[in-house]
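Asker: If it helps, the file is called target.txt and holds compact mmCIF, C-alpha atoms:
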# COMPACT_ATOMS: atom_id res chain seq x y z
CA MET A 13 38.52 -25.06 -29.57
CA LYS A 14 35.72 -22.84 -30.82
CA ILE A 15 33.59 -23.81 -27.81
CA LYS A 16 36.33 -22.65 -25.42
CA VAL A 17 36.62 -19.37 -27.25
CA HIS A 18 32.85 -18.80 -27.02
CA ILE A 19 32.89 -19.65 -23.33
CA MET A 20 35.70 -17.17 -22.74
CA ILE A 21 33.86 -14.43 -24.63
CA LEU A 22 30.65 -15.14 -22.74
CA SER A 23 32.53 -15.03 -19.44
CA VAL A 24 34.05 -11.67 -20.32
CA VAL A 25 30.63 -10.28 -21.28
CA LEU A 26 29.01 -11.55 -18.07
CA PHE A 27 31.86 -10.14 -16.01
CA SER A 28 31.47 -6.76 -17.70
CA ILE A 29 27.71 -6.73 -17.05
CA THR A 30 28.25 -7.70 -13.41
CA SER A 31 30.85 -4.97 -12.99
CA MET A 32 28.54 -2.36 -14.48
CA LYS A 33 25.73 -3.37 -12.13
CA ALA A 34 28.09 -3.27 -9.18
CA GLN A 35 29.04 0.29 -10.08
CA GLU A 36 25.41 1.40 -10.29
CA LYS A 37 24.22 3.12 -7.13
CA GLU A 38 20.84 2.50 -5.59
CA LEU A 39 18.68 5.58 -5.94
CA LEU A 40 17.30 7.33 -2.87
CA PRO A 41 14.19 9.20 -4.09
CA PHE A 42 13.23 12.38 -2.31
CA GLU A 43 9.95 11.02 -0.93
CA GLU A 44 11.69 7.96 0.52
CA TYR A 45 14.39 10.21 1.94
CA LEU A 46 11.88 12.44 3.75
CA SER A 47 10.08 9.38 5.06
CA LEU A 48 13.35 8.07 6.51
CA VAL A 49 14.02 11.48 8.06
CA GLY A 50 10.68 11.37 9.86
CA ASN A 51 11.23 7.81 11.08
CA LYS A 52 14.98 7.68 11.74
CA ASN A 53 16.14 11.15 12.73
CA LEU A 54 17.53 11.00 16.25
CA GLY A 55 16.79 14.62 17.11
CA TYR A 56 13.14 14.19 16.14
CA ALA A 57 12.95 10.94 18.11
CA SER A 58 14.35 12.75 21.13
CA GLN A 59 11.79 15.55 20.84
CA LYS A 60 8.94 13.02 20.84
CA TYR A 61 9.80 12.15 24.43
CA ASN A 62 8.81 15.68 25.45
CA VAL A 63 5.25 14.91 24.36
CA SER A 64 5.18 11.66 26.31
CA ILE A 65 6.62 13.38 29.37
CA ALA A 66 4.01 16.14 29.17
CA GLU A 67 1.18 13.61 28.84
CA ALA A 68 2.49 11.75 31.89
CA ALA A 69 2.50 15.07 33.77
CA ILE A 70 -1.29 15.29 33.23
CA GLN A 71 -1.75 12.04 35.13
CA THR A 72 0.46 13.33 37.92
CA ALA A 73 -1.49 16.60 38.16
CA ASN A 74 -4.77 14.67 38.30
CA MET A 75 -3.79 12.80 41.46
CA PHE A 76 -5.31 13.56 44.86
CA PRO A 77 -3.07 14.14 47.86
CA ASP A 78 -2.02 10.88 49.52
CA PRO A 79 -3.48 10.11 52.94
CA GLN A 80 -1.21 9.85 55.95
CA LEU A 81 -1.26 6.99 58.40
CA GLU A 82 0.09 7.79 61.85
CA MET A 83 0.71 5.25 64.62
CA GLU A 84 1.87 5.99 68.15
CA THR A 85 2.31 4.44 71.56
CA THR A 86 2.76 6.04 75.02
CA ASN A 87 3.94 4.71 78.35
CA ASN A 88 2.04 6.76 80.94
CA GLY A 89 4.46 5.93 83.68
CA VAL A 90 7.44 3.69 83.53
CA LYS A 91 7.59 2.98 87.25
CA GLN A 92 4.08 3.95 88.30
CA SER A 93 2.28 1.26 86.26
CA MET A 94 -0.14 3.75 84.75
CA GLY A 95 -0.62 1.62 81.61
CA TYR A 96 0.02 2.16 77.96
CA VAL A 97 -1.69 4.03 75.13
CA TYR A 98 -1.81 2.62 71.61
CA GLY A 99 -3.20 4.79 68.85
CA ALA A 100 -3.58 5.06 65.10
CA SER A 101 -4.95 7.90 62.97
CA LEU A 102 -5.55 8.57 59.29
CA GLY A 103 -5.06 12.09 57.95
CA TRP A 104 -5.86 13.62 54.57
CA THR A 105 -5.46 17.06 53.05
CA LEU A 106 -8.64 18.50 51.57
CA GLU A 107 -7.60 20.83 48.76
CA LEU A 108 -9.81 23.87 48.32
CA GLY A 109 -9.98 26.58 45.69
CA GLY A 110 -9.85 24.27 42.65
CA LYS A 111 -6.14 23.49 42.96
CA ARG A 112 -6.40 20.08 41.33
CA LYS A 113 -8.42 21.44 38.40
CA ALA A 114 -5.91 24.28 37.95
CA ARG A 115 -3.01 21.81 37.98
CA VAL A 116 -4.68 19.61 35.37
CA ASN A 117 -5.46 22.58 33.11
CA LEU A 118 -1.86 23.73 33.33
CA ALA A 119 -0.54 20.25 32.54
CA ARG A 120 -2.91 19.90 29.58
CA ASN A 121 -1.88 23.26 28.15
CA GLN A 122 1.78 22.32 28.57
CA SER A 123 1.11 19.01 26.84
CA GLU A 124 -0.54 20.80 23.93
CA LEU A 125 2.42 23.18 23.78
CA SER A 126 4.85 20.27 23.60
CA LYS A 127 2.90 18.80 20.65
CA ILE A 128 3.00 22.12 18.79
CA LEU A 129 6.72 22.50 19.49
CA LEU A 130 7.23 19.00 18.07
CA GLN A 131 5.42 20.08 14.90
CA ASP A 132 7.64 23.15 14.67
CA PHE A 133 10.74 21.02 15.15
CA PHE A 134 9.68 18.75 12.30
CA ARG A 135 8.84 21.76 10.11
CA ASN A 136 12.41 22.98 10.38
CA LEU A 137 13.88 19.48 10.23
CA ARG A 138 11.99 18.72 7.02
CA ALA A 139 13.15 21.97 5.41
CA ASP A 140 16.78 21.51 6.50
CA ALA A 141 16.79 17.92 5.28
CA SER A 142 15.34 19.04 1.93
CA LEU A 143 18.02 21.70 1.57
CA GLY A 144 20.64 19.01 2.20
CA TYR A 145 19.10 16.87 -0.53
CA ILE A 146 19.11 19.82 -2.93
CA GLU A 147 22.79 20.42 -2.16
CA ALA A 148 23.57 16.78 -2.94
CA LEU A 149 21.59 17.00 -6.16
CA LYS A 150 23.44 20.17 -7.17
CA SER A 151 26.83 18.58 -6.41
CA LYS A 152 25.87 15.63 -8.59
CA ALA A 153 24.93 17.95 -11.47
CA LEU A 154 28.17 19.95 -11.15
CA LEU A 155 30.15 16.72 -11.18
CA GLU A 156 28.47 15.76 -14.46
CA VAL A 157 29.42 19.16 -15.90
CA GLN A 158 33.06 18.61 -14.95
CA GLN A 159 33.04 15.08 -16.30
CA ASP A 160 31.57 16.22 -19.62
CA SER A 161 34.13 19.00 -19.90
CA TYR A 162 36.98 16.61 -19.16
CA LYS A 163 35.74 14.05 -21.70
CA ASN A 164 35.43 16.70 -24.41
CA MET A 165 38.89 18.10 -23.71
CA GLN A 166 40.39 14.62 -23.51
CA GLN A 167 38.99 13.78 -26.94
CA LEU A 168 40.31 17.07 -28.27
CA ALA A 169 43.74 16.32 -26.76
CA LYS A 170 43.82 12.91 -28.45
CA SER A 171 42.79 14.47 -31.72
CA ASP A 172 45.49 17.16 -31.37
CA SER A 173 48.09 14.49 -30.70
CA ILE A 174 47.20 12.83 -33.98
CA ARG A 175 47.12 16.15 -35.82
CA TYR A 176 50.54 17.06 -34.43
CA LYS A 177 51.96 13.80 -35.74
CA LEU A 178 50.40 14.61 -39.08
CA GLY A 179 52.00 18.06 -38.91
CA THR A 180 48.80 20.07 -39.11
CA ILE A 181 49.27 21.80 -35.71
CA THR A 182 52.22 22.83 -33.60
CA LEU A 183 53.62 21.00 -30.58
CA VAL A 184 52.61 23.87 -28.33
CA ALA A 185 48.96 23.56 -29.38
CA SER A 186 49.06 19.81 -28.78
CA LYS A 187 50.57 20.24 -25.32
CA GLN A 188 48.13 23.02 -24.47
CA SER A 189 45.06 20.83 -25.02
CA LYS A 190 46.69 17.95 -23.13
CA LEU A 191 47.51 20.25 -20.20
CA GLU A 192 44.00 21.62 -20.16
CA ALA A 193 42.60 18.06 -20.03
CA ALA A 194 44.82 17.30 -17.01
CA SER A 195 43.64 20.46 -15.30
CA LEU A 196 40.01 19.54 -15.89
CA LEU A 197 40.67 16.08 -14.42
CA ASN A 198 41.74 17.73 -11.17
CA GLU A 199 38.50 19.66 -11.16
CA VAL A 200 36.65 16.37 -11.64
CA TYR A 201 38.36 15.00 -8.54
CA GLN A 202 37.31 18.08 -6.57
CA ALA A 203 33.72 17.76 -7.79
CA GLU A 204 33.69 14.07 -6.82
CA SER A 205 34.83 14.97 -3.32
CA ALA A 206 32.15 17.67 -3.04
CA GLU A 207 29.48 15.20 -4.17
CA GLN A 208 30.60 12.58 -1.64
CA GLN A 209 30.63 15.14 1.16
CA ALA A 210 27.13 16.33 0.23
CA LEU A 211 25.85 12.74 0.31
CA THR A 212 27.60 12.06 3.60
CA SER A 213 25.96 15.12 5.15
CA LEU A 214 22.56 13.51 4.50
CA SER A 215 23.39 10.81 7.04
CA VAL A 216 23.03 13.46 9.77
CA PHE A 217 19.30 13.55 9.02
CA LEU A 218 18.88 9.79 8.65
CA GLY A 219 20.11 8.59 12.03
CA ASP A 220 21.56 5.09 11.74
CA THR A 221 20.43 4.61 8.13
CA LYS A 222 23.38 3.89 5.87
CA ILE A 223 23.81 6.33 2.98
CA THR A 224 26.81 4.57 1.46
CA GLY A 225 26.08 3.35 -2.05
CA ARG A 226 22.94 5.48 -2.42
CA ASP A 227 22.43 8.25 -4.94
CA VAL A 228 20.01 11.17 -5.15
CA SER A 229 17.68 11.83 -8.03
CA GLY A 230 15.19 14.49 -9.01
CA ASP A 231 14.18 17.18 -11.46
CA PHE A 232 15.23 20.72 -10.61
CA ASN A 233 12.52 22.08 -12.90
CA ALA A 234 9.81 20.94 -10.46
CA PHE A 235 10.32 23.96 -8.22
CA ASN A 236 8.05 26.42 -9.96
CA ARG A 237 5.04 27.81 -8.12
CA ASP A 238 2.77 30.81 -8.44
CA PHE A 239 1.99 32.52 -5.13
CA SER A 240 0.09 35.51 -3.85
CA ILE A 241 2.05 37.27 -1.13
CA ASP A 242 -1.12 38.19 0.77
CA ASP A 243 -2.27 34.56 0.77
CA LEU A 244 1.16 33.43 1.95
CA ILE A 245 1.19 35.84 4.88
CA LEU A 246 -2.34 34.84 5.87
CA GLN A 247 -1.38 31.18 5.62
CA ALA A 248 1.69 31.73 7.77
CA LEU A 249 -0.26 33.57 10.46
CA ASN A 250 -2.76 30.71 10.60
CA GLU A 251 -0.47 27.71 10.24
CA ARG A 252 3.08 28.53 11.42
CA ALA A 253 3.78 26.14 14.29
CA ASP A 254 6.05 28.57 16.11
CA LEU A 255 3.29 31.19 16.14
CA LEU A 256 0.80 28.58 17.35
CA ALA A 257 3.32 27.67 20.04
CA ALA A 258 3.60 31.31 21.09
CA ARG A 259 -0.19 31.54 21.26
CA GLN A 260 -0.35 28.35 23.29
CA ASN A 261 2.36 29.69 25.57
CA THR A 262 0.02 32.53 26.54
CA GLU A 263 -2.57 29.89 27.52
CA VAL A 264 0.05 28.14 29.63
CA ALA A 265 0.82 31.44 31.34
CA LYS A 266 -2.89 31.98 32.04
CA SER A 267 -3.10 28.51 33.55
CA GLN A 268 -0.12 29.31 35.73
CA ILE A 269 -1.89 32.44 37.02
CA ASN A 270 -5.00 30.41 37.85
CA LEU A 271 -2.88 27.86 39.68
CA GLU A 272 -1.11 30.55 41.69
CA LYS A 273 -4.46 32.04 42.66
CA ALA A 274 -5.75 28.61 43.68
CA ASN A 275 -2.64 27.95 45.73
CA ARG A 276 -3.40 31.01 47.83
CA ILE A 277 -6.56 29.35 49.12
CA ILE A 278 -6.02 27.46 52.37
CA ASP A 279 -6.26 23.66 52.53
CA LEU A 280 -7.90 21.78 55.36
CA GLY A 281 -6.27 18.89 57.14
CA ILE A 282 -8.75 16.21 58.27
CA SER A 283 -7.83 13.34 60.56
CA ALA A 284 -9.62 10.49 62.33
CA GLY A 285 -8.21 7.88 64.65
CA ALA A 286 -8.61 5.55 67.59
CA GLU A 287 -6.71 4.99 70.85
CA ARG A 288 -6.61 2.18 73.36
CA HIS A 289 -5.63 2.87 76.97
CA THR A 290 -4.56 -0.26 78.74
CA GLU A 291 -5.39 -1.05 82.36
CA ALA A 292 -3.50 0.97 84.98
CA THR A 293 -2.55 -1.11 88.08
CA ASN A 294 -1.19 1.75 90.10
CA GLU A 295 -2.55 1.54 93.67
CA ILE A 296 -3.16 5.26 93.94
CA ALA A 297 -5.03 5.77 90.62
CA PRO A 298 -6.03 2.47 89.06
CA SER A 299 -8.11 2.58 85.82
CA PRO A 300 -9.67 0.02 83.49
CA THR A 301 -8.95 -0.48 79.80
CA VAL A 302 -10.47 2.34 77.73
CA ASN A 303 -11.00 2.71 73.97
CA ALA A 304 -11.25 6.23 72.52
CA VAL A 305 -12.07 7.72 69.12
CA LYS A 306 -10.67 11.02 68.02
CA MET A 307 -11.27 13.36 65.07
CA GLY A 308 -9.50 16.54 64.15
CA ILE A 309 -9.18 19.33 61.66
CA SER A 310 -6.18 21.55 60.96
CA ILE A 311 -6.33 25.00 59.42
CA PRO A 312 -3.05 26.48 58.13
CA LEU A 313 -2.38 30.13 58.84
CA LYS A 314 -1.13 31.38 55.48
CA PHE A 315 0.76 34.48 56.47
CA SER A 316 2.74 33.95 53.25
CA ASN A 317 -0.26 35.22 51.26
CA ARG A 318 0.78 38.73 52.21
CA ARG A 319 3.73 38.25 49.87
CA ASN A 320 2.23 37.35 46.52
CA ALA A 321 5.48 37.12 44.58
CA GLY A 322 4.46 33.89 42.85
CA LEU A 323 1.26 35.44 41.52
CA LYS A 324 3.06 38.57 40.34
CA ILE A 325 5.67 36.47 38.54
CA ALA A 326 2.92 34.45 36.81
CA GLU A 327 1.15 37.65 35.71
CA MET A 328 4.37 39.17 34.37
CA THR A 329 5.14 35.90 32.56
CA HIS A 330 1.74 36.09 30.88
CA SER A 331 2.36 39.69 29.80
CA GLN A 332 5.76 38.67 28.46
CA ALA A 333 4.19 35.77 26.51
CA GLU A 334 1.70 38.14 24.87
CA VAL A 335 4.49 40.51 23.83
CA GLU A 336 6.52 37.61 22.45
CA TYR A 337 3.49 36.46 20.47
CA ARG A 338 3.10 39.86 18.84
CA GLN A 339 6.83 39.97 18.16
CA ILE A 340 6.80 36.56 16.46
CA GLU A 341 3.73 37.58 14.45
CA GLN A 342 5.50 40.69 13.23
CA GLY A 343 8.65 38.74 12.43
CA ILE A 344 6.70 36.17 10.41
CA ARG A 345 5.30 38.87 8.14
CA ALA A 346 8.83 40.10 7.38
CA GLU A 347 10.20 36.57 6.94
CA VAL A 348 7.51 35.60 4.43
CA MET A 349 8.01 38.82 2.50
CA GLN A 350 11.79 38.35 2.33
CA ALA A 351 11.48 34.69 1.31
CA TYR A 352 8.97 35.64 -1.40
CA GLN A 353 11.30 38.33 -2.75
CA GLN A 354 14.20 35.86 -2.84
CA TYR A 355 12.11 33.26 -4.66
CA THR A 356 10.94 35.85 -7.19
CA ALA A 357 14.56 36.84 -7.86
CA THR A 358 15.65 33.25 -8.50
CA GLN A 359 12.72 32.78 -10.86
CA LYS A 360 13.91 35.78 -12.90
CA GLN A 361 17.45 34.36 -13.04
CA LEU A 362 16.16 31.05 -14.36
CA ARG A 363 14.20 32.77 -17.09
CA GLN A 364 17.45 34.33 -18.28
CA PHE A 365 18.96 30.88 -18.75
CA HIS A 366 15.83 29.53 -20.39
CA ASN A 367 15.89 32.40 -22.90
CA GLY A 368 18.81 30.87 -24.77
CA MET A 369 21.98 31.43 -22.74
CA LEU A 370 22.82 27.74 -22.52
CA SER A 371 22.05 26.87 -26.12
CA GLU A 372 23.93 29.91 -27.38
CA ALA A 373 27.04 29.11 -25.33
CA LYS A 374 26.96 25.52 -26.55
CA SER A 375 26.60 26.52 -30.19
CA ILE A 376 29.53 28.94 -29.84
CA LEU A 377 31.71 26.20 -28.37
CA GLU A 378 30.75 23.75 -31.10
CA GLY A 379 31.40 26.37 -33.80
CA ILE A 380 34.83 27.36 -32.47
CA THR A 381 35.80 23.71 -31.99
CA TYR A 382 34.80 22.95 -35.59
CA SER A 383 36.79 25.96 -36.80
CA TYR A 384 39.80 24.85 -34.73
CA LYS A 385 39.74 21.38 -36.27
CA ARG A 386 39.79 23.03 -39.69
CA GLY A 387 42.67 25.26 -38.63
CA GLU A 388 40.63 28.46 -38.74
CA SER A 389 40.90 29.30 -34.99
CA SER A 390 43.42 28.87 -32.19
CA ILE A 391 43.41 26.50 -29.24
CA LEU A 392 43.07 29.49 -26.88
CA GLU A 393 39.74 30.39 -28.48
CA VAL A 394 38.55 26.84 -27.93
CA LEU A 395 39.65 26.88 -24.29
CA ASN A 396 37.95 30.22 -23.65
CA ALA A 397 34.74 28.97 -25.25
CA GLN A 398 34.94 25.77 -23.20
CA ARG A 399 35.42 27.68 -19.95
CA THR A 400 32.56 30.03 -20.80
CA TYR A 401 30.25 27.12 -21.53
CA ASN A 402 31.31 25.35 -18.31
CA ASN A 403 30.76 28.47 -16.23
CA ILE A 404 27.33 29.05 -17.71
CA ARG A 405 26.33 25.45 -17.05
CA LYS A 406 27.60 25.72 -13.47
CA ASP A 407 25.75 29.00 -13.01
CA TYR A 408 22.64 27.39 -14.42
CA TYR A 409 22.69 24.49 -11.96
CA GLN A 410 23.52 26.90 -9.17
CA ALA A 411 20.51 28.99 -10.15
CA LEU A 412 18.33 25.87 -10.21
CA ALA A 413 19.55 24.90 -6.75
CA ASP A 414 19.06 28.45 -5.46
CA ASN A 415 15.54 28.47 -6.85
CA ALA A 416 14.75 25.14 -5.19
CA ALA A 417 16.24 26.34 -1.91
CA ALA A 418 14.28 29.60 -2.14
CA LEU A 419 11.02 27.69 -2.64
CA ILE A 420 11.78 25.43 0.33
CA GLU A 421 12.54 28.45 2.50
CA LEU A 422 9.39 30.23 1.32
CA GLU A 423 7.22 27.24 2.19
CA ARG A 424 9.02 26.87 5.50
CA LYS A 425 8.28 30.52 6.34
CA ALA A 426 4.69 30.27 5.11
CA GLY A 427 3.95 27.08 7.04
CA ILE A 428 2.99 25.07 3.93
CA TRP A 429 4.56 22.07 2.23
CA ASP A 430 4.00 20.70 -1.26
CA ILE A 431 7.55 19.85 -2.32
CA HIS A 432 7.52 16.77 -4.54
CA PHE A 433 10.02 15.98 -7.27
What would you get if you wrote out this structure as structure tokens?
Answerer:
Amino acid sequence: MKIKVHIMILSVVLFSITSMKAQEKELLPFEEYLSLVGNKNLGYASQKYNVSIAEAAIQTANMFPDPQLEMETTNNGVKQSMGYVYGASLGWTLELGGKRKARVNLARNQSELSKILLQDFFRNLRADASLGYIEALKSKALLEVQQDSYKNMQQLAKSDSIRYKLGTITLVASKQSKLEAASLLNEVYQAESAEQQALTSLSVFLGDTKITGRDVSGDFNAFNRDFSIDDLILQALNERADLLAARQNTEVAKSQINLEKANRIIDLGISAGAERHTEATNEIAPSPTVNAVKMGISIPLKFSNRRNAGLKIAEMTHSQAEVEYRQIEQGIRAEVMQAYQQYTATQKQLRQFHNGMLSEAKSILEGITYSYKRGESSILEVLNAQRTYNNIRKDYYQALADNAAALIELERKAGIWDIHF
């Protein structure tokens, strides 16, 4: 009998341990998350094709014009028996003016531009994905705040129920704490929904990777950096992929001008062939079989060169690219400055919390709760202290998330990346 009891107890313990493990979520660390974003994001995978397409365009631009094979036959006289002519010729276009070289240079510059644009796409993708992770981490922290508040109020409600039965507090006070606990439970449900939605939104960055059953983790206090605004601006002007793309776009425009100039040079058509004239049996003008060789050259008359619209368009496109480059450069300076100011502001807010706001609010709540249990304060004072403490904790995690987001945005604008937590 004792053995059966021990077996039952052991079974219950094992079942409890198994249930607890089943409830535990597998952690998705930030570094692993970013690695999955780089490998699984569908938008990034799609952008990679642009690089492959541009590299294939280089091979196309490097090709010579294809030769042309022409074959013909002629009947010199259907009824006169003047014989037949069979001929074949091979023609080829000789490009002049460096057209092929200009095409290759243009294709190479476009390929380089596609690589830089891919870098810029990943720069923004990485920052957006990191902001999504921070949002999920913040939602998790806010859920813990709501759960702690609910547990504390639930314990207080149970205690008030006992105290009411003992006659030390009124029925109204007992119902008030119970009602407040129910209200906090609704807030827990809302926080759970917000956390689930934040986690689900991460799947947008992970392609077909399943996010169900995963949980985020990280330390919000890892987002503290010391920067020099002058160094940040200099870094951005040297490293920002969109500025490099704008600079490369001016090179593409130059290559287009060179190609348009080369296209204005005439090309020569060269041909060589052979003909065979069969025997003519006409009584009036008989002739033997004759073989002939022919060569030719064709020179196009490019009257279209008088209208140089293509060259003018290429030159205006180059001027436009230079203006856009200066505009982006100017915008980057303002973006870095604004991001730095935002990050500095969030750092000041965090210092306010670290100077004792949280600990003071917690000590006030604990003191009023202790006084309430001794009958020296009212339930309303406890509820007000609880709400104040909850709001400060929420504001604190919001400030932590804002600080992390501000750092991510600053590094995005500055073209650097050292986010690890």
Asker: In terms of the shortest atom-to-atom distance over all atoms listed in the file, which of A:Asp172, A:Ala304, A:His330, A:Phe433 is closest to Arg386 (chain A)?
Answerer: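 Smallest separation from Arg386 (chain A) among the options: A:Asp172.
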Asker: For Lys113 (chain A), which residue out of A:Asn74, A:Asn62, A:Asn198, A:Asn233 is the nearest one, using all atoms listed in the file?
Answerer: A:Asn74
Asker: Tell me, as a PyMOL selection string, which residues lie within 7 Å of region 206-222 of chain A, counting all atoms listed in the file; anything in the same chain fewer than 2 positions away does not count.
Answerer: chain A and resi 48-49+52-54+141+144-145+147-148+151-152+202-204+224
Asker: Here is a test: counting only C-alpha atoms, which residue of A:Ser101, A:Asn402, A:Gln131, A:Asn51 is nearest to Thr85 (chain A)?
Answerer: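 Counting only C-alpha atoms, the residue closest to Thr85 (chain A) is A:Ser101.
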Asker: Give as number ranges by chain the set of residues within 12 Å of the point (2.4, 4.9, 75.1), where distances use the file's coordinates and only C-alpha atoms.
Answerer: A: 83-90, 93-100, 287-290
Asker: Distance CA of Gly55 (chain A)-CA of Leu130 (chain A), one decimal place?
Answerer: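 Answer for the CA of Gly55 (chain A) to CA of Leu130 (chain A) separation: 10.6 Å.
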Asker: Would you mind telling me which residue in A:Ser189, A:Ser142, A:Thr356, A:Ser58 lies nearest to Met165 (chain A) when using all atoms listed in the file?
Answerer: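 Looking only at the distances to Met165 (chain A), the closest residue turns out to be A:Ser189.
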Asker: Please indicate the distance in Å from CA of Ile376 (chain A) to CA of Ala153 (chain A), rounded to one decimal place.
Answerer: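 For CA of Ile376 (chain A) relative to CA of Ala153 (chain A), the distance reads 21.9 Å.
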Asker: Restricting the calculation to all atoms listed in the file: of A:Ser316, A:Gln398, A:Leu81, A:Gln339, which residue gets closest to Lys163 (chain A)?
Answerer: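 Result for the nearest residue to Lys163 (chain A): A:Gln398.
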Asker: CA of His366 (chain A) and CA of Ala234 (chain A) are how many Å apart?
Answerer: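 Going from CA of His366 (chain A) over to CA of Ala234 (chain A), I get 14.4 Å.
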Asker: Let me make sure I understand: among A:Gln59, A:Phe76, A:Val302, A:Pro41, which one has the smallest atom-to-atom distance to Ile146 (chain A) if we use only C-alpha atoms?
Answerer: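 Looking only at the distances to Ile146 (chain A), the closest residue turns out to be A:Pro41.
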Asker: At a cut-off of 7 Å, using only C-alpha atoms, what residues contact Ser310 (chain A)? Leave out same-chain residues fewer than 4 positions from it and give the result as number ranges by chain.
Answerer: A: 280-282
Asker: Near Ser331 (chain A), counting only C-alpha atoms, which residues have an atom at most 12 Å away, once you skip same-chain residues fewer than 2 positions from it, shown as a ChimeraX atom specification?
Answerer: /A:261-266,269,324-329,333-338
Asker: Please build the interface table for region 113-182 of chain A against region 68-72 of chain A with a cut-off of 12 Å, listing for each qualifying residue the nearest atom pair and the distance in Å to one decimal; count all atoms listed in the file, order rows by chain and increasing number, and write it as a tab-separated table.
Answerer:
residue	atom	partner	partner_atom	distance
A:Lys113	CA	A:Ile70	CA	10.7
A:Ala114	CA	A:Ile70	CA	11.2
A:Arg115	CA	A:Ile70	CA	8.2
A:Val116	CA	A:Ile70	CA	5.9
A:Asn117	CA	A:Ile70	CA	8.4
A:Leu118	CA	A:Ile70	CA	8.5
A:Ala119	CA	A:Ile70	CA	5.1
A:Arg120	CA	A:Ile70	CA	6.1
A:Asn121	CA	A:Ile70	CA	9.5
A:Gln122	CA	A:Ala69	CA	9.0
A:Ser123	CA	A:Ile70	CA	7.8
A:Glu124	CA	A:Ile70	CA	10.8
A:Ser126	CA	A:Ala69	CA	11.7
Asker: Would you fill the gaps in region 132-144 of chain A so it has N, CA and C atoms, then print it as a PDB file, in the coordinates of the input?
Answerer:
ATOM      1  N   ASP A 132       6.712  22.121  15.135  1.00  0.00           N
ATOM      2  CA  ASP A 132       7.640  23.150  14.670  1.00  0.00           C
ATOM      3  C   ASP A 132       9.034  22.579  14.452  1.00  0.00           C
ATOM      4  N   PHE A 133       9.434  21.669  15.325  1.00  0.00           N
ATOM      5  CA  PHE A 133      10.740  21.020  15.150  1.00  0.00           C
ATOM      6  C   PHE A 133      10.782  20.253  13.837  1.00  0.00           C
ATOM      7  N   PHE A 134       9.708  19.521  13.540  1.00  0.00           N
ATOM      8  CA  PHE A 134       9.680  18.750  12.300  1.00  0.00           C
ATOM      9  C   PHE A 134       9.600  19.663  11.084  1.00  0.00           C
ATOM     10  N   ARG A 135       8.906  20.799  11.227  1.00  0.00           N
ATOM     11  CA  ARG A 135       8.840  21.760  10.110  1.00  0.00           C
ATOM     12  C   ARG A 135      10.239  22.216   9.705  1.00  0.00           C
ATOM     13  N   ASN A 136      11.052  22.555  10.681  1.00  0.00           N
ATOM     14  CA  ASN A 136      12.410  22.980  10.380  1.00  0.00           C
ATOM     15  C   ASN A 136      13.302  21.815   9.970  1.00  0.00           C
ATOM     16  N   LEU A 137      13.096  20.657  10.600  1.00  0.00           N
ATOM     17  CA  LEU A 137      13.880  19.480  10.230  1.00  0.00           C
ATOM     18  C   LEU A 137      13.617  19.085   8.783  1.00  0.00           C
ATOM     19  N   ARG A 138      12.356  19.090   8.388  1.00  0.00           N
ATOM     20  CA  ARG A 138      11.990  18.720   7.020  1.00  0.00           C
ATOM     21  C   ARG A 138      12.608  19.694   6.018  1.00  0.00           C
ATOM     22  N   ALA A 139      12.577  20.978   6.321  1.00  0.00           N
ATOM     23  CA  ALA A 139      13.150  21.970   5.410  1.00  0.00           C
ATOM     24  C   ALA A 139      14.672  21.833   5.343  1.00  0.00           C
ATOM     25  N   ASP A 140      15.319  21.663   6.492  1.00  0.00           N
ATOM     26  CA  ASP A 140      16.780  21.510   6.500  1.00  0.00           C
ATOM     27  C   ASP A 140      17.210  20.251   5.762  1.00  0.00           C
ATOM     28  N   ALA A 141      16.469  19.162   5.974  1.00  0.00           N
ATOM     29  CA  ALA A 141      16.790  17.920   5.280  1.00  0.00           C
ATOM     30  C   ALA A 141      16.597  18.078   3.766  1.00  0.00           C
ATOM     31  N   SER A 142      15.576  18.809   3.366  1.00  0.00           N
ATOM     32  CA  SER A 142      15.340  19.040   1.930  1.00  0.00           C
ATOM     33  C   SER A 142      16.445  19.887   1.323  1.00  0.00           C
ATOM     34  N   LEU A 143      16.910  20.885   2.067  1.00  0.00           N
ATOM     35  CA  LEU A 143      18.020  21.700   1.570  1.00  0.00           C
ATOM     36  C   LEU A 143      19.290  20.856   1.403  1.00  0.00           C
ATOM     37  N   GLY A 144      19.504  19.917   2.337  1.00  0.00           N
ATOM     38  CA  GLY A 144      20.640  19.010   2.200  1.00  0.00           C
ATOM     39  C   GLY A 144      20.526  18.141   0.963  1.00  0.00           C
TER      40      GLY A 144
END
